[in-house]
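Note: the block below is input_34.csv and it holds CSV, C-alpha atoms and all ligand atoms.
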```
chain,number,residue,atom,x,y,z
A,1,MET,CA,0.0,0.0,0.0
A,2,ARG,CA,1.2,3.5,-0.8
A,3,ILE,CA,-0.4,4.8,2.4
A,4,PRO,CA,-0.7,1.8,4.7
A,5,TYR,CA,-3.2,1.8,7.5
A,6,GLU,CA,-0.4,1.3,10.0
A,7,ASN,CA,3.4,1.1,10.0
A,8,ILE,CA,4.6,0.3,13.5
A,9,ALA,CA,8.2,0.3,12.5
A,10,LEU,CA,7.8,3.9,11.4
A,11,VAL,CA,5.8,4.8,14.6
A,12,ASN,CA,8.7,3.6,16.7
A,13,ALA,CA,11.5,5.0,14.5
A,14,PRO,CA,11.8,8.3,16.4
A,15,TYR,CA,12.5,6.4,19.6
A,16,ARG,CA,15.1,4.1,18.0
A,17,LYS,CA,18.2,5.6,19.7
A,18,ALA,CA,16.6,5.8,23.1
A,19,LEU,CA,15.1,2.3,22.9
A,20,THR,CA,18.3,0.6,21.8
A,21,GLU,CA,20.4,2.4,24.4
A,22,LYS,CA,18.0,1.4,27.0
A,23,PHE,CA,18.0,-2.2,25.7
A,24,ASP,CA,21.8,-2.4,25.9
A,25,ALA,CA,21.7,-1.1,29.5
A,26,LEU,CA,19.1,-3.7,30.5
A,27,LEU,CA,21.0,-6.5,28.8
A,28,GLU,CA,24.1,-5.5,30.7
A,29,ARG,CA,22.1,-5.4,34.0
A,30,GLY,CA,20.5,-8.8,33.6
A,31,TRP,CA,17.3,-8.1,35.6
A,32,PHE,CA,14.2,-8.8,33.5
A,33,ILE,CA,11.2,-9.4,35.8
A,34,LEU,CA,9.7,-7.0,38.4
A,35,GLY,CA,12.4,-4.5,39.1
A,36,ASP,CA,13.1,-0.8,38.9
A,37,GLU,CA,11.8,-0.3,35.4
A,38,VAL,CA,8.3,-1.7,36.2
A,39,THR,CA,8.2,0.3,39.4
A,40,GLY,CA,9.3,3.5,37.5
A,41,PHE,CA,6.7,3.0,34.8
A,42,GLU,CA,3.9,2.2,37.3
A,43,GLN,CA,4.6,5.5,39.2
A,44,ALA,CA,4.7,7.5,35.9
A,45,PHE,CA,1.6,5.9,34.5
A,46,ALA,CA,-0.4,6.2,37.7
A,47,HIS,CA,0.4,9.9,37.7
A,48,TYR,CA,-0.4,10.3,34.0
A,49,THR,CA,-3.9,8.7,34.4
A,50,GLY,CA,-4.7,10.7,37.6
A,51,ASN,CA,-4.4,7.7,39.9
A,52,VAL,CA,-2.4,6.8,43.0
A,53,TYR,CA,-1.7,3.2,42.1
A,54,CYS,CA,-0.8,1.3,38.9
A,55,THR,CA,0.2,-2.3,38.5
A,56,GLY,CA,1.8,-3.5,35.3
A,57,VAL,CA,0.5,-6.8,33.9
A,58,GLY,CA,1.1,-9.0,30.9
A,59,ASN,CA,-1.6,-7.6,28.5
A,60,GLY,CA,-4.9,-5.6,28.4
A,61,LEU,CA,-7.1,-8.7,28.7
A,62,ASP,CA,-5.4,-9.7,32.0
A,63,ALA,CA,-5.7,-6.1,33.2
A,64,LEU,CA,-9.5,-6.4,32.6
A,65,ILE,CA,-9.8,-9.8,34.2
A,66,PHE,CA,-7.7,-8.8,37.3
A,67,SER,CA,-9.7,-5.6,37.7
A,68,LEU,CA,-12.9,-7.6,37.8
A,69,LEU,CA,-11.5,-10.3,40.1
A,70,ALA,CA,-10.3,-7.7,42.5
A,71,LEU,CA,-13.9,-6.5,42.9
A,72,LYS,CA,-14.6,-9.8,44.6
A,73,LEU,CA,-18.2,-9.9,43.3
A,74,PRO,CA,-20.5,-12.9,44.2
A,75,ALA,CA,-20.6,-15.6,41.5
A,76,GLY,CA,-23.4,-15.1,39.0
A,77,SER,CA,-23.1,-11.3,39.3
A,78,GLU,CA,-24.0,-9.5,36.1
A,79,VAL,CA,-21.6,-7.1,34.5
A,80,ILE,CA,-22.8,-4.7,31.8
A,81,VAL,CA,-20.5,-4.4,28.8
A,82,PRO,CA,-21.0,-2.6,25.4
A,83,SER,CA,-22.4,-4.7,22.6
A,84,ASN,CA,-19.9,-3.2,20.1
A,85,THR,CA,-16.6,-3.5,22.0
A,86,TYR,CA,-13.6,-5.6,21.1
A,87,ILE,CA,-14.2,-9.2,22.2
A,88,ALA,CA,-11.6,-8.9,25.0
A,89,THR,CA,-13.9,-6.7,27.1
A,90,ILE,CA,-16.5,-9.5,27.1
A,91,LEU,CA,-14.1,-12.3,27.5
A,92,ALA,CA,-12.7,-10.7,30.6
A,93,VAL,CA,-16.2,-10.9,32.3
A,94,ILE,CA,-16.5,-14.6,31.3
A,95,HIS,CA,-12.9,-15.4,32.5
A,96,ALA,CA,-13.6,-13.6,35.8
A,97,GLY,CA,-16.5,-16.1,36.4
A,98,LEU,CA,-19.2,-13.4,35.9
A,99,VAL,CA,-22.1,-13.0,33.6
A,100,PRO,CA,-21.7,-10.5,30.6
A,101,VAL,CA,-24.9,-8.5,29.8
A,102,LEU,CA,-24.6,-6.5,26.6
A,103,ALA,CA,-25.8,-2.9,26.4
A,104,GLU,CA,-26.3,-1.1,23.1
A,105,PRO,CA,-24.1,2.0,22.5
A,106,ASP,CA,-25.1,5.5,21.5
A,107,PRO,CA,-25.3,5.2,17.7
A,108,SER,CA,-23.4,8.5,17.2
A,109,THR,CA,-20.6,8.2,19.8
A,110,TYR,CA,-20.3,4.4,19.7
A,111,ASN,CA,-20.0,4.5,23.5
A,112,LEU,CA,-22.2,3.3,26.3
A,113,THR,CA,-24.5,5.8,28.0
A,114,ALA,CA,-26.3,5.9,31.3
A,115,GLU,CA,-29.5,5.3,29.5
A,116,GLY,CA,-28.1,2.2,27.6
A,117,ILE,CA,-26.9,0.8,30.9
A,118,GLU,CA,-30.2,1.5,32.6
A,119,ASN,CA,-32.1,-0.4,29.8
A,120,VAL,CA,-30.3,-3.7,30.7
A,121,ARG,CA,-29.8,-3.3,34.4
A,122,THR,CA,-31.3,-6.0,36.6
A,123,SER,CA,-31.3,-6.9,40.3
A,124,LYS,CA,-28.2,-9.0,39.6
A,125,THR,CA,-26.2,-6.2,38.1
A,126,ARG,CA,-23.1,-5.5,40.2
A,127,ALA,CA,-20.7,-3.7,37.8
A,128,VAL,CA,-20.3,-1.9,34.5
A,129,LEU,CA,-17.3,-2.6,32.4
A,130,LEU,CA,-17.4,0.2,29.9
A,131,ALA,CA,-15.0,0.9,27.0
A,132,HIS,CA,-13.9,4.3,25.9
A,133,LEU,CA,-13.9,3.2,22.3
A,134,TYR,CA,-11.8,4.5,19.4
A,135,GLY,CA,-10.1,7.1,21.8
A,136,LYS,CA,-13.3,8.8,23.0
A,137,CYS,CA,-14.4,8.8,26.7
A,138,CYS,CA,-17.9,7.8,27.5
A,139,SER,CA,-19.9,10.7,29.1
A,140,MET,CA,-18.9,9.8,32.6
A,141,THR,CA,-20.9,12.2,34.7
A,142,ALA,CA,-24.3,10.6,34.0
A,143,ILE,CA,-22.8,7.0,34.1
A,144,MET,CA,-21.1,7.6,37.5
A,145,ALA,CA,-24.3,9.1,38.9
A,146,LEU,CA,-26.2,6.0,37.8
A,147,ALA,CA,-23.6,3.7,39.2
A,148,GLU,CA,-23.7,5.5,42.5
A,149,ARG,CA,-27.5,5.3,42.6
A,150,TYR,CA,-27.5,1.5,42.2
A,151,GLY,CA,-24.2,0.8,44.0
A,152,LEU,CA,-22.5,-0.5,40.9
A,153,ALA,CA,-18.7,-0.8,40.5
A,154,VAL,CA,-17.4,0.9,37.3
A,155,ILE,CA,-14.3,-0.5,35.5
A,156,GLU,CA,-13.0,1.5,32.5
A,157,ASP,CA,-11.6,-0.4,29.6
A,158,CYS,CA,-9.0,2.2,28.4
A,159,ALA,CA,-7.2,0.0,25.9
A,160,GLN,CA,-8.1,2.6,23.2
A,161,SER,CA,-8.0,5.8,25.2
A,162,HIS,CA,-4.6,6.6,26.6
A,163,GLY,CA,-4.7,10.4,27.3
A,164,ALA,CA,-8.3,10.9,26.3
A,165,MET,CA,-10.2,13.4,28.5
A,166,TYR,CA,-13.8,14.1,29.6
A,167,LYS,CA,-14.4,17.4,31.3
A,168,GLY,CA,-10.6,17.8,31.7
A,169,GLN,CA,-10.3,14.5,33.6
A,170,PRO,CA,-8.2,11.6,32.0
A,171,ALA,CA,-9.6,8.3,30.9
A,172,GLY,CA,-9.0,5.8,33.7
A,173,SER,CA,-9.6,8.2,36.5
A,174,PHE,CA,-13.4,7.9,36.8
A,175,GLY,CA,-14.3,4.4,37.9
A,176,THR,CA,-13.3,1.9,40.6
A,177,ALA,CA,-10.3,0.8,38.5
A,178,ALA,CA,-9.2,1.0,34.8
A,179,ALA,CA,-7.5,-1.4,32.6
A,180,PHE,CA,-5.0,-0.4,29.9
A,181,SER,CA,-3.4,-2.3,27.0
A,182,PHE,CA,0.0,-1.5,25.6
A,183,TYR,CA,-0.4,-3.7,22.5
A,184,PRO,CA,2.0,-2.3,19.9
A,185,THR,CA,-0.7,-0.4,17.9
A,186,LYS,CA,-2.2,1.4,20.9
A,187,ASN,CA,-1.6,5.1,21.4
A,188,LEU,CA,0.9,4.1,24.0
A,189,GLY,CA,2.3,0.9,22.5
A,190,ALA,CA,5.0,-1.5,23.8
A,191,LEU,CA,7.3,-3.5,21.6
A,192,GLY,CA,5.3,-6.6,22.5
A,193,ASP,CA,2.4,-7.2,24.9
A,194,GLY,CA,1.8,-5.2,28.0
A,195,GLY,CA,-1.0,-3.9,30.2
A,196,ALA,CA,-1.8,-2.1,33.5
A,197,VAL,CA,-4.5,-1.6,36.1
A,198,VAL,CA,-4.8,1.8,37.6
A,199,THR,CA,-6.9,2.7,40.7
A,200,ASN,CA,-7.1,4.9,43.8
A,201,ASP,CA,-8.1,1.9,45.9
A,202,PRO,CA,-5.0,0.5,47.8
A,203,ALA,CA,-6.8,-2.9,48.6
A,204,LEU,CA,-7.8,-3.3,44.9
A,205,ASP,CA,-4.3,-2.5,43.8
A,206,GLN,CA,-2.8,-5.0,46.3
A,207,HIS,CA,-5.1,-7.7,45.0
A,208,VAL,CA,-4.1,-7.1,41.4
A,209,ARG,CA,-0.4,-7.2,42.5
A,210,LEU,CA,-1.0,-10.7,44.0
A,211,LEU,CA,-3.0,-11.9,41.0
A,212,ARG,CA,-0.3,-11.0,38.5
A,213,ASN,CA,2.5,-12.8,40.4
A,214,TYR,CA,1.2,-16.3,41.3
A,215,GLY,CA,-0.7,-14.9,44.2
A,216,SER,CA,2.6,-14.1,45.9
A,217,GLY,CA,3.5,-10.9,47.8
A,218,LYS,CA,6.6,-12.6,49.4
A,219,LYS,CA,8.8,-14.9,47.4
A,220,TYR,CA,7.7,-18.5,47.6
A,221,HIS,CA,4.7,-17.6,49.8
A,222,ASN,CA,1.4,-17.7,48.0
A,223,GLN,CA,-1.7,-16.1,49.4
A,224,ILE,CA,-4.2,-16.7,46.6
A,225,PRO,CA,-4.1,-18.8,43.4
A,226,GLY,CA,-2.8,-16.2,41.0
A,227,TRP,CA,-1.5,-16.0,37.5
A,228,ASN,CA,1.8,-15.3,35.8
A,229,SER,CA,1.0,-12.1,34.1
A,230,ARG,CA,3.7,-9.4,34.7
A,231,LEU,CA,4.7,-6.4,32.6
A,232,ASP,CA,8.4,-7.2,32.0
A,233,GLU,CA,11.3,-4.8,32.7
A,234,ILE,CA,12.2,-4.3,29.0
A,235,GLN,CA,8.6,-3.3,28.0
A,236,ALA,CA,8.3,-1.1,31.1
A,237,ALA,CA,11.5,0.7,30.2
A,238,PHE,CA,10.4,1.2,26.6
A,239,LEU,CA,7.0,2.4,27.8
A,240,GLN,CA,8.6,5.0,30.1
A,241,ILE,CA,10.4,6.4,27.1
A,242,LYS,CA,7.3,6.5,24.9
A,243,LEU,CA,5.1,7.9,27.6
A,244,GLN,CA,7.1,11.1,27.5
A,245,SER,CA,5.8,11.7,23.9
A,246,LEU,CA,2.3,10.4,24.3
A,247,ASN,CA,0.6,13.8,24.6
A,248,GLU,CA,2.5,15.1,21.5
A,249,MET,CA,1.6,11.9,19.6
A,250,ASN,CA,-2.1,12.3,20.6
A,251,ARG,CA,-2.0,16.0,19.4
A,252,HIS,CA,-0.6,14.8,16.0
A,253,LYS,CA,-3.5,12.4,15.7
A,254,GLN,CA,-6.0,15.1,16.7
A,255,GLU,CA,-4.5,17.3,13.9
A,256,LEU,CA,-4.9,14.5,11.4
A,257,ALA,CA,-8.5,14.0,12.6
A,258,ALA,CA,-9.2,17.8,12.1
A,259,ILE,CA,-8.0,17.5,8.5
A,260,TYR,CA,-10.4,14.6,7.8
A,261,ARG,CA,-13.2,16.6,9.4
A,262,ALA,CA,-12.5,19.7,7.3
A,263,GLY,CA,-11.9,17.7,4.1
A,264,LEU,CA,-14.4,14.8,3.9
A,265,ASN,CA,-17.8,15.5,2.3
A,266,SER,CA,-21.2,14.8,3.8
A,267,SER,CA,-21.6,11.3,2.4
A,268,PHE,CA,-19.4,10.1,5.2
A,269,ILE,CA,-20.6,9.9,8.9
A,270,LEU,CA,-17.8,11.4,10.9
A,271,PRO,CA,-16.9,10.7,14.5
A,272,VAL,CA,-18.8,13.2,16.6
A,273,GLU,CA,-17.0,16.0,18.4
A,274,GLU,CA,-18.5,17.1,21.8
A,275,PRO,CA,-17.6,20.1,23.9
A,276,ASP,CA,-16.7,18.2,27.1
A,277,HIS,CA,-14.5,15.6,25.3
A,278,SER,CA,-10.9,15.6,24.2
A,279,ASP,CA,-10.6,12.5,21.9
A,280,VAL,CA,-7.3,10.9,21.1
A,281,TYR,CA,-8.3,9.0,17.9
A,282,HIS,CA,-6.8,5.6,18.6
A,283,ILE,CA,-9.0,4.8,15.6
A,284,PHE,CA,-10.5,7.4,13.2
A,285,ALA,CA,-13.7,5.6,12.3
A,286,ILE,CA,-16.1,6.9,9.7
A,287,ARG,CA,-19.2,5.2,8.6
A,288,HIS,CA,-20.6,4.7,5.1
A,289,PRO,CA,-23.5,2.5,3.8
A,290,ASP,CA,-21.2,1.0,1.1
A,291,ARG,CA,-18.3,0.4,3.4
A,292,ASP,CA,-16.9,-2.7,1.6
A,293,LYS,CA,-17.0,-1.0,-1.8
A,294,LEU,CA,-15.4,2.1,-0.3
A,295,ARG,CA,-12.7,0.0,1.3
A,296,ALA,CA,-12.0,-1.8,-2.0
A,297,TYR,CA,-11.8,1.5,-3.9
A,298,LEU,CA,-9.3,2.9,-1.4
A,299,ALA,CA,-7.2,-0.3,-1.6
A,300,GLU,CA,-7.2,0.0,-5.4
A,301,ASN,CA,-5.8,3.5,-5.0
A,302,GLY,CA,-3.1,2.4,-2.6
A,303,ILE,CA,-4.8,3.3,0.7
A,304,GLY,CA,-4.9,0.8,3.5
A,305,THR,CA,-7.9,0.8,5.9
A,306,GLU,CA,-9.2,-1.5,8.6
A,307,VAL,CA,-12.5,-2.5,10.1
A,308,HIS,CA,-12.9,-2.3,13.8
A,309,TYR,CA,-14.6,-4.7,13.8
A,310,PRO,CA,-16.1,-6.8,11.1
A,311,VAL,CA,-18.1,-9.3,13.3
A,312,PRO,CA,-20.1,-8.1,16.3
A,313,PRO,CA,-19.2,-9.9,19.6
A,314,HIS,CA,-22.7,-11.6,19.9
A,315,ARG,CA,-22.2,-13.1,16.5
A,316,GLN,CA,-18.7,-14.6,17.3
A,317,GLN,CA,-18.6,-18.3,17.4
A,318,ALA,CA,-16.8,-18.1,20.8
A,319,LEU,CA,-19.7,-16.2,22.3
A,320,ALA,CA,-22.7,-17.8,20.5
A,321,ALA,CA,-23.8,-19.7,23.6
A,322,TYR,CA,-24.0,-16.5,25.7
A,323,PHE,CA,-26.2,-14.4,23.5
A,324,THR,CA,-28.5,-16.7,21.5
A,325,GLY,CA,-31.8,-15.1,20.6
A,326,GLN,CA,-30.6,-11.6,21.6
A,327,GLU,CA,-30.6,-8.8,19.1
A,328,PHE,CA,-28.3,-5.8,19.0
A,329,PRO,CA,-29.3,-3.7,15.9
A,330,VAL,CA,-27.2,-0.7,16.8
A,331,SER,CA,-24.0,-2.7,17.2
A,332,GLU,CA,-24.9,-4.6,13.9
A,333,GLU,CA,-25.3,-1.4,12.0
A,334,ILE,CA,-22.0,0.0,13.3
A,335,HIS,CA,-20.2,-3.2,12.4
A,336,ARG,CA,-21.7,-3.2,8.9
A,337,THR,CA,-20.8,0.4,8.1
A,338,VAL,CA,-17.7,1.4,10.0
A,339,LEU,CA,-14.3,2.0,8.4
A,340,SER,CA,-11.0,3.0,10.1
A,341,LEU,CA,-8.9,5.5,8.1
A,342,PRO,CA,-5.1,6.0,8.3
A,343,CYS,CA,-4.5,8.3,11.3
A,344,SER,CA,-1.3,7.3,13.2
A,345,ALA,CA,1.8,9.0,14.5
A,346,ALA,CA,3.6,8.0,11.3
A,347,HIS,CA,1.0,9.5,8.9
A,348,THR,CA,1.6,13.0,7.6
A,349,GLN,CA,-1.0,15.8,7.0
A,350,GLU,CA,-0.4,15.5,3.3
A,351,GLN,CA,-1.2,11.8,3.3
A,352,VAL,CA,-4.4,12.4,5.2
A,353,ARG,CA,-5.4,15.2,2.8
A,354,GLU,CA,-4.8,12.8,-0.1
A,355,VAL,CA,-7.0,10.1,1.5
A,356,ALA,CA,-9.8,12.6,2.1
A,357,GLU,CA,-9.6,13.9,-1.5
A,358,LEU,CA,-9.7,10.3,-2.9
A,359,MET,CA,-12.7,9.5,-0.7
A,360,ASN,CA,-14.6,12.5,-1.9
A,361,ARG,CA,-14.3,11.1,-5.4
A,362,PHE,CA,-15.8,7.7,-4.4
A,363,GLY,CA,-18.8,6.8,-6.5
A,364,LYS,CA,-18.4,9.9,-8.8
A,401,LIG,C1,-11.2,-2.3,23.8
A,401,LIG,C2,-10.1,-3.3,24.0
A,401,LIG,N1,-10.1,-4.0,25.2
A,401,LIG,C3,-9.2,-4.8,25.5
A,401,LIG,C4,-8.1,-5.1,24.6
A,401,LIG,C5,-7.2,-6.2,25.0
A,401,LIG,O1,-5.8,-5.7,25.1
A,401,LIG,P1,-4.7,-6.8,24.8
A,401,LIG,O2,-4.6,-7.1,23.4
A,401,LIG,O3,-3.4,-6.1,25.3
A,401,LIG,O4,-5.0,-8.0,25.6
A,401,LIG,C6,-8.1,-4.4,23.4
A,401,LIG,C7,-7.0,-4.5,22.4
A,401,LIG,O5,-6.5,-5.4,22.0
A,401,LIG,C8,-9.1,-3.5,23.1
A,401,LIG,O6,-9.1,-2.8,21.9
```

Could you rewrite the structure in this file as structure tokens?
Amino acid sequence: MRIPYENIALVNAPYRKALTEKFDALLERGWFILGDEVTGFEQAFAHYTGNVYCTGVGNGLDALIFSLLALKLPAGSEVIVPSNTYIATILAVIHAGLVPVLAEPDPSTYNLTAEGIENVRTSKTRAVLLAHLYGKCCSMTAIMALAERYGLAVIEDCAQSHGAMYKGQPAGSFGTAAAFSFYPTKNLGALGDGGAVVTNDPALDQHVRLLRNYGSGKKYHNQIPGWNSRLDEIQAAFLQIKLQSLNEMNRHKQELAAIYRAGLNSSFILPVEEPDHSDVYHIFAIRHPDRDKLRAYLAENGIGTEVHYPVPPHRQQALAAYFTGQEFPVSEEIHRTVLSLPCSAAHTQEQVREVAELMNRFGK
């Protein structure tokens, strides 16, 4: 592709010198699991997300599972999740031994709302696991008010929203805890897998610390049956380097998004902009009724795109047993029409202008 959807090598190129120097130093030191780099990153990332505590874990899915387990909810508790999220959000509920209940998102923001949550709440609902999808925060004031009214825990899935804000407050600082992924394509991406749980609750943080390390707080003494899911020293060191440029990188993506907004004609449904939100465009998702044709047309012209996501979670074979007979028309419509455009740290404003111009000629 002339303009690929993503080029992770190019995204990481500006950090090459700092990363390789750091790698050499770590190789020299020979300490790879749970050391100063993990502690250093945890402190920096807790601060960045407006939290007191952060625990680095192996990936975003485990961050979600551990956040839920640390709530210590009774078996059979229902957890409300968005019907249009990446499957990991829903898998986390299942792996935590809880019952996922899907709520439809707002069709214009693609995010859960207080109303959507209220529509599926039952007497068994104990928590909401919401996702700030595509880099946009859910409207948290109404959601937190609803959660307070019914005594629900709120876990934020921030895998796509590093640095996003709502009313000047960062994603990951609203709920009981928040889970982040550092998968290489994320706004803050490692050079491998990584994740973190952030919270202001010391007991919750301690529980996640045990869970990630065989249930052990003291070497060879195991308090609970835990996992092996630790952020490693090399990734933690790399993430500290990249965290320093995260705001700048997010600003770059916001500038690219503004060019799409100014340039694309009205045949495309654009991501909404709202006054209280600062979105970080992990994904710049537009919608079009002829999505597949549009995607093929762009590919013919050398432009790479993606679909996040082609199959709604309730139609995935893995989840068929959980949601048989249930219908989620809003999620279906989003999945049928959504298209992700090139909008990364490695894309230039000229490239994005070119994509927008090409798109405006689609079907003409
Ligand atoms: C919304 C969402 N939740 C959770 C995850 C899981 O993160 P990971 O791939 O690090 O397990 C991802 C990304 O992969 C995601 O996009």

Distance filter 7 Å around ligand LIG 401 (chain A), atoms: all atoms listed in the file, out as a PyMOL selection string = chain A and resi 59-62+85-86+88-89+131+133+157-160+181-183+193-195

Option closest in space to A:Phe41, from A:Val128, A:Leu231, A:Leu68, A:Leu73 [counting only C-alpha atoms] = A:Leu231

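In terms of minimum interatomic distance to A:Ser229, A:Asn213 ranks closest within A:Gln351, A:Ser266, A:Asn213, A:Gln244, counting all atoms listed in the file.
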
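If only C-alpha atoms are the atoms counted, then among A:Pro313, A:Gly226, A:Pro342, A:Gly58 the closest residue to A:Arg295 is A:Pro342.
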
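Counting from atom CA of A:Val101, the distance to atom CA of A:Val79 is 5.9 Å.
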